[in-house]
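Notes follow the structure.
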Amino acid sequence: MPRFAPPASFAAALVAVAIGFGGTVALVVQSGQTLGATPSQIISMLAALALGIGIPGAVLSWRLKIPVVLAWSTPGAALLAAAQAGYDWPSAIGAFIVAAILMVITGMVPVLGRLAARIPPGIASGMLAGVLLPFCLKLFAAAPTDLPLIGGLVATYFVMRRYAARWALPTVLVLAFSVLIRGQLALPEGGLLFGQLAPVMPVFDMKAVIGLAIPLYLVTLASQNLPGLVVLRAAGYEPPANRLIFWTGAASAMAAPFGSHGINLAAITAAMCTNPEAHPDHSQRWRVGVIYGLLYLLVAVFAAPLAGLFIGMPTHVLAAVTGIALLAPLIGALSSMMDDHSGREAGVLTFCVTASGLALAGIGSAFWGLLAGFAALVILRRT
């Protein structure tokens, strides 16, 4: 009986899952805590995200015969963790559903997909950079609390970036847990071995729709789905763009009542699964996408202990780990913002307004940053 895939395919999928999950899971947990989710709801959040990544990704890879690698929305999680308008968890669930429906509509109407592709990269990147900056600043604000540990984590990250960049974030997590497990890490009581799904009745609050859903939709589309399509095209595939956007929106909508904030095409981890090292045969590389999806089902099964580790992590260490994980995305967002010469000024304005934490009428700064950026772009182009 022929092998399903060579060992290199399993290794590539395993590394992609380890980096995709371990790199930003602290941020996802922090976003749930910011929005008032209980520990059991955060466990449900991780389980729903893992299921939403694993099942559709494996099925789409098998049906389309291309490696469809999905991920949760990292910029979306950062947006939620930075929310300062006092949203509660049911209102957040309602916002997740609205953002997912907007993504479904984008996939169903081709002209919307083309319009989305024309969102000025300076504005999209400016909003993303403004969302990420406060987390990177908190990394250094937390340093006085435990300077040896946080200094060691930062030094480890940069040493690993020099010699084994892919493993930098997983190594930081291992180091943090190896130190904390000796006494500082307090796991929640009544921990479970397996993940569980806890549905929540959504509340559709207009402030949450404007302040969370619309920015979440835009940042996920512009910073995740569109780059994910570029990665697939660069690997020599012709992905059905609208179909993939539709199904990521549908997966997000089905998982949203259980806490999933957004599922989208991956970019960085997709690059690991679509290169020749993952599978030498271009036409058979879809098998890596299937393996990747099945591994995420294991993550869903053991979501409870995985979430418990981060829920029990001291606040200053969680802030440090999150800040380290977001250094590279911040650099990428700032570079993209400054590279957009035609929209650079509007992008910088978007960045400043978003990073300021401005909240008006109960609506967070991400929305006002977008509004300011688009207004500036209109004025500049008319002038």
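Here's how to read the names in the structure tokens: chain A, B, ... by the order shown, residue numbers from 1 in each chain, ligand numbers from 1 in the order shown.
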
Review point. Which residues come within 7 Å of Ser73 of chain A, counting only C-alpha atoms, excluding same-chain residues fewer than 5 positions away, as a VMD selection string?
Key: chain A and resid 220 224 262 to 264

Point to revise | Distance query Met45 of chain A at most 7 Å, only C-alpha atoms, self and fewer than 5 positions along chain excluded, as a list in words | key: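 Final neighbour list, sorted by chain and number: Phe258, Gly259 and Ser260 of chain A.
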
Write the residues of the preceding selection, restricted to C-alpha atoms, as a compact mmCIF listing (two decimals), in the first residue's frame.
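What landed in again17.txt:
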```txt
# COMPACT_ATOMS: atom_id res chain seq x y z
CA PHE A 258 -18.53 28.79 20.56
CA GLY A 259 -16.06 31.69 20.76
CA SER A 260 -14.17 31.58 17.46
```

**Study point:** Neighbour list for Leu112 of chain A as a PyMOL selection string, cut-off 12 Å, only C-alpha atoms, skip fewer than 3 positions in-chain
**Key:** chain A and resi 102-109+115-119+221+241-242+245-246

Check your understanding: Taking the backbone alone, and naming residues the way the document does, which bits of segment 250-371 of chain A are alpha helix (DSSP H) by DSSP, as a ChimeraX atom specification?
Key -> /A:250-255,268-274,286-301,303-311,315-325,327-339,344-356,365-371

Exercise for review: Go through A:Val98, A:Ala8, A:Gly130, A:Phe135 one by one, measure the shortest atom-to-atom distance of each to Tyr217 of chain A using only C-alpha atoms, and give the residue with the smallest value.
Suggested key: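 Between A:Val98, A:Ala8, A:Gly130, A:Phe135, the residue approaching Tyr217 of chain A most closely is A:Val98.
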
Exercise for review: Can you work out the spacing between atom CA of Ala235 of chain A and atom CA of Gly54 of chain A in Å, to one decimal?
Suggested key: 21.3 Å

Exercise for review: Give me the residues within 10 Å of His282 of chain A as a ChimeraX atom specification, counting only C-alpha atoms and dropping any in the same chain fewer than 6 places off.
Suggested key: /A:66-67,235-237,274-276

Serialized selection, all heavy atoms, as a PDB file, in the first residue's frame:
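The resulting file, out-v4.pdb, is reproduced below:
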```pdb
ATOM      1  N   ILE A  66      -5.231  21.302  -3.660  1.00  0.00           N
ATOM      2  CA  ILE A  66      -4.184  22.272  -3.387  1.00  0.00           C
ATOM      3  C   ILE A  66      -4.045  22.367  -1.858  1.00  0.00           C
ATOM      4  O   ILE A  66      -5.011  22.098  -1.136  1.00  0.00           O
ATOM      5  CB  ILE A  66      -4.497  23.670  -3.976  1.00  0.00           C
ATOM      6  CG1 ILE A  66      -5.770  24.241  -3.357  1.00  0.00           C
ATOM      7  CG2 ILE A  66      -4.609  23.620  -5.484  1.00  0.00           C
ATOM      8  CD1 ILE A  66      -6.074  25.663  -3.810  1.00  0.00           C
ATOM      9  N   PRO A  67      -2.857  22.717  -1.355  1.00  0.00           N
ATOM     10  CA  PRO A  67      -2.681  22.772   0.113  1.00  0.00           C
ATOM     11  C   PRO A  67      -3.352  24.004   0.713  1.00  0.00           C
ATOM     12  O   PRO A  67      -2.782  25.096   0.727  1.00  0.00           O
ATOM     13  CB  PRO A  67      -1.158  22.805   0.280  1.00  0.00           C
ATOM     14  CG  PRO A  67      -0.647  23.376  -0.998  1.00  0.00           C
ATOM     15  CD  PRO A  67      -1.600  22.953  -2.070  1.00  0.00           C
ATOM     16  N   ALA A 235       3.234  29.839  -4.988  1.00  0.00           N
ATOM     17  CA  ALA A 235       3.640  28.434  -4.991  1.00  0.00           C
ATOM     18  C   ALA A 235       3.233  27.719  -6.276  1.00  0.00           C
ATOM     19  O   ALA A 235       3.474  26.513  -6.418  1.00  0.00           O
ATOM     20  CB  ALA A 235       3.039  27.712  -3.788  1.00  0.00           C
ATOM     21  N   GLY A 236       2.604  28.445  -7.200  1.00  0.00           N
ATOM     22  CA  GLY A 236       2.252  27.868  -8.489  1.00  0.00           C
ATOM     23  C   GLY A 236       0.852  27.329  -8.590  1.00  0.00           C
ATOM     24  O   GLY A 236       0.533  26.597  -9.532  1.00  0.00           O
ATOM     25  N   TYR A 237      -0.021  27.706  -7.668  1.00  0.00           N
ATOM     26  CA  TYR A 237      -1.403  27.239  -7.693  1.00  0.00           C
ATOM     27  C   TYR A 237      -2.326  28.362  -8.166  1.00  0.00           C
ATOM     28  O   TYR A 237      -1.960  29.533  -8.138  1.00  0.00           O
ATOM     29  CB  TYR A 237      -1.839  26.758  -6.310  1.00  0.00           C
ATOM     30  CG  TYR A 237      -1.039  25.576  -5.800  1.00  0.00           C
ATOM     31  CD1 TYR A 237       0.016  25.761  -4.908  1.00  0.00           C
ATOM     32  CD2 TYR A 237      -1.327  24.291  -6.230  1.00  0.00           C
ATOM     33  CE1 TYR A 237       0.749  24.677  -4.449  1.00  0.00           C
ATOM     34  CE2 TYR A 237      -0.592  23.208  -5.777  1.00  0.00           C
ATOM     35  CZ  TYR A 237       0.445  23.406  -4.890  1.00  0.00           C
ATOM     36  OH  TYR A 237       1.190  22.343  -4.458  1.00  0.00           O
ATOM     37  N   THR A 274       3.642  24.763   1.473  1.00  0.00           N
ATOM     38  CA  THR A 274       3.479  24.817   0.024  1.00  0.00           C
ATOM     39  C   THR A 274       4.809  24.823  -0.720  1.00  0.00           C
ATOM     40  O   THR A 274       4.822  24.902  -1.950  1.00  0.00           O
ATOM     41  CB  THR A 274       2.693  26.079  -0.385  1.00  0.00           C
ATOM     42  OG1 THR A 274       3.358  27.245   0.131  1.00  0.00           O
ATOM     43  CG2 THR A 274       1.275  26.040   0.155  1.00  0.00           C
ATOM     44  N   ASN A 275       5.926  24.749   0.000  1.00  0.00           N
ATOM     45  CA  ASN A 275       7.221  24.756  -0.685  1.00  0.00           C
ATOM     46  C   ASN A 275       7.652  23.333  -1.038  1.00  0.00           C
ATOM     47  O   ASN A 275       7.131  22.361  -0.465  1.00  0.00           O
ATOM     48  CB  ASN A 275       8.283  25.468   0.161  1.00  0.00           C
ATOM     49  CG  ASN A 275       8.584  24.718   1.449  1.00  0.00           C
ATOM     50  OD1 ASN A 275       9.135  23.628   1.423  1.00  0.00           O
ATOM     51  ND2 ASN A 275       8.228  25.309   2.582  1.00  0.00           N
ATOM     52  N   PRO A 276       8.582  23.161  -1.940  1.00  0.00           N
ATOM     53  CA  PRO A 276       8.992  21.815  -2.378  1.00  0.00           C
ATOM     54  C   PRO A 276       9.532  20.931  -1.262  1.00  0.00           C
ATOM     55  O   PRO A 276       9.489  19.699  -1.376  1.00  0.00           O
ATOM     56  CB  PRO A 276      10.078  22.112  -3.418  1.00  0.00           C
ATOM     57  CG  PRO A 276       9.753  23.475  -3.925  1.00  0.00           C
ATOM     58  CD  PRO A 276       9.196  24.223  -2.751  1.00  0.00           C
TER      59      PRO A 276
END
```

Can you list every residue of segment 128-208 of chain A that has an atom at most 10 Å from segment 364-375 of chain A, with its nearest atom pair and the distance in Å to one decimal, using only C-alpha atoms, ordered by chain then number, as CSV?
```
residue,atom,partner,partner_atom,distance
A:Leu128,CA,A:Ala366,CA,8.5
A:Gly130,CA,A:Ala366,CA,7.9
A:Val131,CA,A:Ala366,CA,7.2
A:Lys207,CA,A:Gly364,CA,8.8
A:Ala208,CA,A:Gly364,CA,8.8
```

Check your understanding: What lies within 10 Å of Met254 of chain A using only C-alpha atoms, ignoring chain neighbours under 4 positions off, as a count of residues only?
Key -> 8

Which neighbours of Gly347 of chain A fall inside 7 Å, counting only C-alpha atoms, when residues of the same chain fewer than 6 positions from it are skipped, and could you give them as a short mmCIF file (atom, residue, chain, number, x, y, z; two decimals) with N, CA and C atoms, in the first residue's frame?
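So part_15.cif came out as:
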```
data_model
loop_
_atom_site.label_atom_id
_atom_site.label_comp_id
_atom_site.auth_asym_id
_atom_site.auth_seq_id
_atom_site.Cartn_x
_atom_site.Cartn_y
_atom_site.Cartn_z
N GLY A 122 -1.54 50.77 2.80
CA GLY A 122 -1.05 51.65 3.85
C GLY A 122 -2.05 51.80 4.99
N ILE A 123 -3.34 51.90 4.64
CA ILE A 123 -4.37 52.05 5.67
C ILE A 123 -4.57 50.75 6.44
N GLY A 126 -1.57 50.25 8.53
CA GLY A 126 -1.53 51.24 9.61
C GLY A 126 -2.44 50.85 10.77
N MET A 337 3.16 49.61 5.63
CA MET A 337 2.57 50.94 5.71
C MET A 337 3.47 51.98 5.04
N GLY A 373 -8.16 57.41 8.41
CA GLY A 373 -7.29 57.10 7.28
C GLY A 373 -7.99 57.26 5.95
#
```

Review point. Which residue gives the smallest distance to Leu218 of chain A among A:Pro121, A:Gly36, A:Pro90, A:Gly23, with only C-alpha atoms counted?
Key: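 With only C-alpha atoms as the atom set, the closest residue is A:Pro121.
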
Point to revise | Atom pair atom CA of Ala255 of chain A / atom CA of Ile93 of chain A: separation (Å) | key: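 That distance, rounded to one decimal, is 10.0 Å.
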
Practice item. Considering only C-alpha atoms, return as JSON, numbers by chain whatever protein or nucleic-acid residues lie within 12 Å of Leu306 of chain A, sequence-local ones (same chain, fewer than 2 positions apart) excluded. Key: {"A": [21, 22, 25, 26, 28, 29, 39, 42, 43, 44, 45, 46, 47, 50, 173, 177, 187, 188, 191, 192, 193, 194, 195, 298, 299, 300, 301, 302, 303, 304, 308, 309, 310, 311, 312, 313]}

Review point. Using only C-alpha atoms, which of A:Ala58, A:Ala81, A:Ala168, A:Leu147 sits nearest Ala18 of chain A?
Key: A:Ala168

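Distances to Val290 of chain A were evaluated for A:Leu175, A:Cys273, A:Ser91, A:Gly86 using only C-alpha atoms, and the minimum falls at A:Cys273.
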